[in-house]
Protein chains: 2
Amino acid sequence: MTMAKRDTYTPESLLAVAVEVFNERGYDGTSMEHLSRAAGISKSSIYHHVKGKEELLRLAISRALDGLFGILQEPAAREGRAIERLEHVTRRTAEVLMDELPYVTLLLRVRGNTDTERWAMERRREFDHQVAELLKRAAADGDLRSDVDARLATRLLFGMINSIVEWYRPGRGGAATSHEVAEAVVRTAFAGLRTQT
Amino acid sequence: MTMAKRDTYTPESLLAVAVEVFNERGYDGTSMEHLSRAAGISKSSIYHHVKGKEELLRLAISRALDGLFGILQEPAAREGRAIERLEHVTRRTAEVLMDELPYVTLLLRVRGNTDTERWAMERRREFDHQVAELLKRAAADGDLRSDVDARLATRLLFGMINSIVEWYRPGRGGAATSHEVAEAVVRTAFAGLRTQT
DNA sequence: AGAGTAACCGAACGATCGGTCGGGACAAGA
DNA sequence: TCTTGTCCCGACCGATCGTTCGGTTACTCT
């Protein structure tokens, strides 16, 4: 619950405050009163900058989705052997997730109670689906272990990546840059936890 | 949003209905009106069986926590080499998560807005901590890869396991019993995705 | 038949919800 | 100095929130 102090708000800077509160209390658990206290302006003043609560959610989610879908446009995600492309997407997804942490966190937690939330879930499923295709191709190339189903493997891979939002906090103890964490994720996911014998 | 029809409710049977709705709409996004519609009784009748909304949350979370902490009491989780105990706890955690799916799902999504929620988060942290200790011992035994931090590995492992609640639905397509999924989780986590060379 | 009680109901409570409204303070441009 | 527009405010709106209350039904036990 950060008490932000600034001369004047823009939709963007207000969004940053709002997303923090959304992630702390949950979207449904956050009232406009909570937002106004965190932003340091009155409840009604918020409506000068944005249309309402749901617009704040939409803006935040759009930003997260732009970051994620941008990955799929990168050359390393479109060219080369499937297993290499999959590794790249995995690494970059983890990185984007950490660089845009609060926005992606919000995206991953929507439940589908409003139109905006349902749109977010649909777009997210589309992203997952495209990565699943990549994994399926890597399996067909014989580059993935064959005793685990591709659908299941995709879900476990995403589970591992997405769980980052539950504990990663930027600029905290240790040498945990987003690059280093992403590298550890790729290693753990692709090579496993156990010592190679 | 299942419309349950039964002669009479018990706190337990009412809980089952409530937890379904909580998971669909989120706890904060669920009103007593929603619950009454799903249960097929009036809003005020709910208070004949339970004290209120927060008690339903407490009952559900207690059930989830009992299942999880029960794992740590099992012989295979207390005796033997650390890596074997860790594998057992991993497999069993995945199984319990699927067998008590709606209750554990609720536990994993708690945000900490009320006393009950904060208690749930604390108990869950305690469980995670005990598993982290196990992983640290396995690392000390040299049974885990040394180029990934133990803390990080614990989090990724839990991320993978806990993500099951996002997609697993009992009795659906394929041969996906909880045992089989749990086995796939263990294999993926400990041996990795890539083909062993 | 009568008493007791478990299960339920509609109506209403004060509080809080997201959002609206009219206007004040202030700076820039004329 | 007068207008215009930005940024903000307190007061208030109808709706919905979780919860309470008085009462009705229906079954059980004696």
# chains A, B, ... in the order shown; residues from 1 in each chain; ligands from 1
>>> closest_atom_pairs(of="chain A", to="chain B", cutoff="7 Å", atoms="only C-alpha atoms", output="tab-separated table")
residue	atom	partner	partner_atom	distance
A:Arg25	CA	B:Arg111	CA	6.1
A:Gly26	CA	B:Arg111	CA	6.7
A:Asp28	CA	B:Gly29	CA	5.6
A:Gly29	CA	B:Asp28	CA	5.6
A:Arg111	CA	B:Arg25	CA	6.0
A:Asn113	CA	B:Arg25	CA	6.3
A:Asp143	CA	B:Thr195	CA	5.7
A:Leu144	CA	B:Arg194	CA	4.6
A:Arg145	CA	B:Thr195	CA	4.5
A:Val148	CA	B:Ala184	CA	6.0
A:Leu156	CA	B:Met160	CA	5.4
A:Gly159	CA	B:Ser163	CA	4.7
A:Met160	CA	B:Met160	CA	4.6
A:Ser163	CA	B:Gly159	CA	4.7
A:Ala184	CA	B:Val148	CA	6.0
A:Thr188	CA	B:Gly192	CA	6.7
A:Ala189	CA	B:Gly192	CA	5.5
A:Phe190	CA	B:Leu193	CA	4.5
A:Ala191	CA	B:Gly192	CA	4.3
A:Gly192	CA	B:Gly192	CA	3.3
A:Leu193	CA	B:Phe190	CA	4.5
A:Arg194	CA	B:Leu144	CA	4.5
A:Thr195	CA	B:Arg145	CA	4.5
>>> write_last_selection(atoms="C-alpha atoms", output="CSV table (one decimal), in the first residue's frame")
chain,number,residue,atom,x,y,z
A,25,ARG,CA,-5.9,-6.9,-2.4
A,26,GLY,CA,-7.1,-8.6,-5.6
A,28,ASP,CA,-12.6,-7.5,-6.6
A,29,GLY,CA,-11.2,-6.8,-3.1
A,111,ARG,CA,-11.4,-14.8,-12.9
A,113,ASN,CA,-16.5,-12.0,-13.9
A,143,ASP,CA,13.8,-33.3,-29.0
A,144,LEU,CA,11.5,-33.8,-26.0
A,145,ARG,CA,11.1,-36.8,-23.8
A,148,VAL,CA,5.1,-37.2,-20.9
A,156,LEU,CA,3.6,-27.7,-16.4
A,159,GLY,CA,2.9,-23.4,-14.4
A,160,MET,CA,6.6,-23.0,-13.6
A,163,SER,CA,4.6,-19.0,-10.7
A,184,ALA,CA,17.5,-20.9,-14.1
A,188,THR,CA,15.3,-26.4,-14.5
A,189,ALA,CA,12.5,-26.9,-17.0
A,190,PHE,CA,14.5,-28.4,-19.8
A,191,ALA,CA,17.2,-30.4,-18.0
A,192,GLY,CA,15.4,-31.2,-14.7
A,193,LEU,CA,16.2,-30.9,-11.1
A,194,ARG,CA,18.2,-34.1,-10.6
A,195,THR,CA,21.9,-34.4,-11.1
>>> interface_residues(of="chain D", to="chain B", cutoff="10 Å", atoms="only C-alpha atoms (C1' of nucleotides)", output="list in words")
DT16, DC17, DG18, DT19, DT20 and DC21 of chain D
>>> interface_residues(of="chain C", to="chain B", cutoff="8 Å", atoms="only C-alpha atoms (C1' of nucleotides)", output="PyMOL selection string")
chain C and resi 7-9
>>> calpha_fit_rmsd(fixed="chain A", moving="chain B")
0.0 Å
>>> atom_distance(atom1="CA of Val89 in chain B", atom2="CA of Leu59 in chain B")
24.0 Å
>>> atom_distance(atom1="CA of Leu35 in chain A", atom2="CA of Val17 in chain A")
7.7 Å
>>> select_by_dssp(residues="chain B", states="alpha helix (DSSP H)", output="ChimeraX atom specification")
/B:11-25,32-39,43-49,53-73,75-78,82-99,101-109,115-140,150-162,178-191
>>> closest_residue(among="B:Thr177, B:Gln130, B:Thr93, B:Ser13", to="Ala64 in chain B", atoms="only C-alpha atoms")
B:Thr93
>>> residues_around(residues="Ala150 in chain B", least_positions_apart="6", cutoff="8 Å", atoms="only C-alpha atoms (C1' of nucleotides)", output="MDAnalysis selection string")
chainID B and resid 132 135:136 139
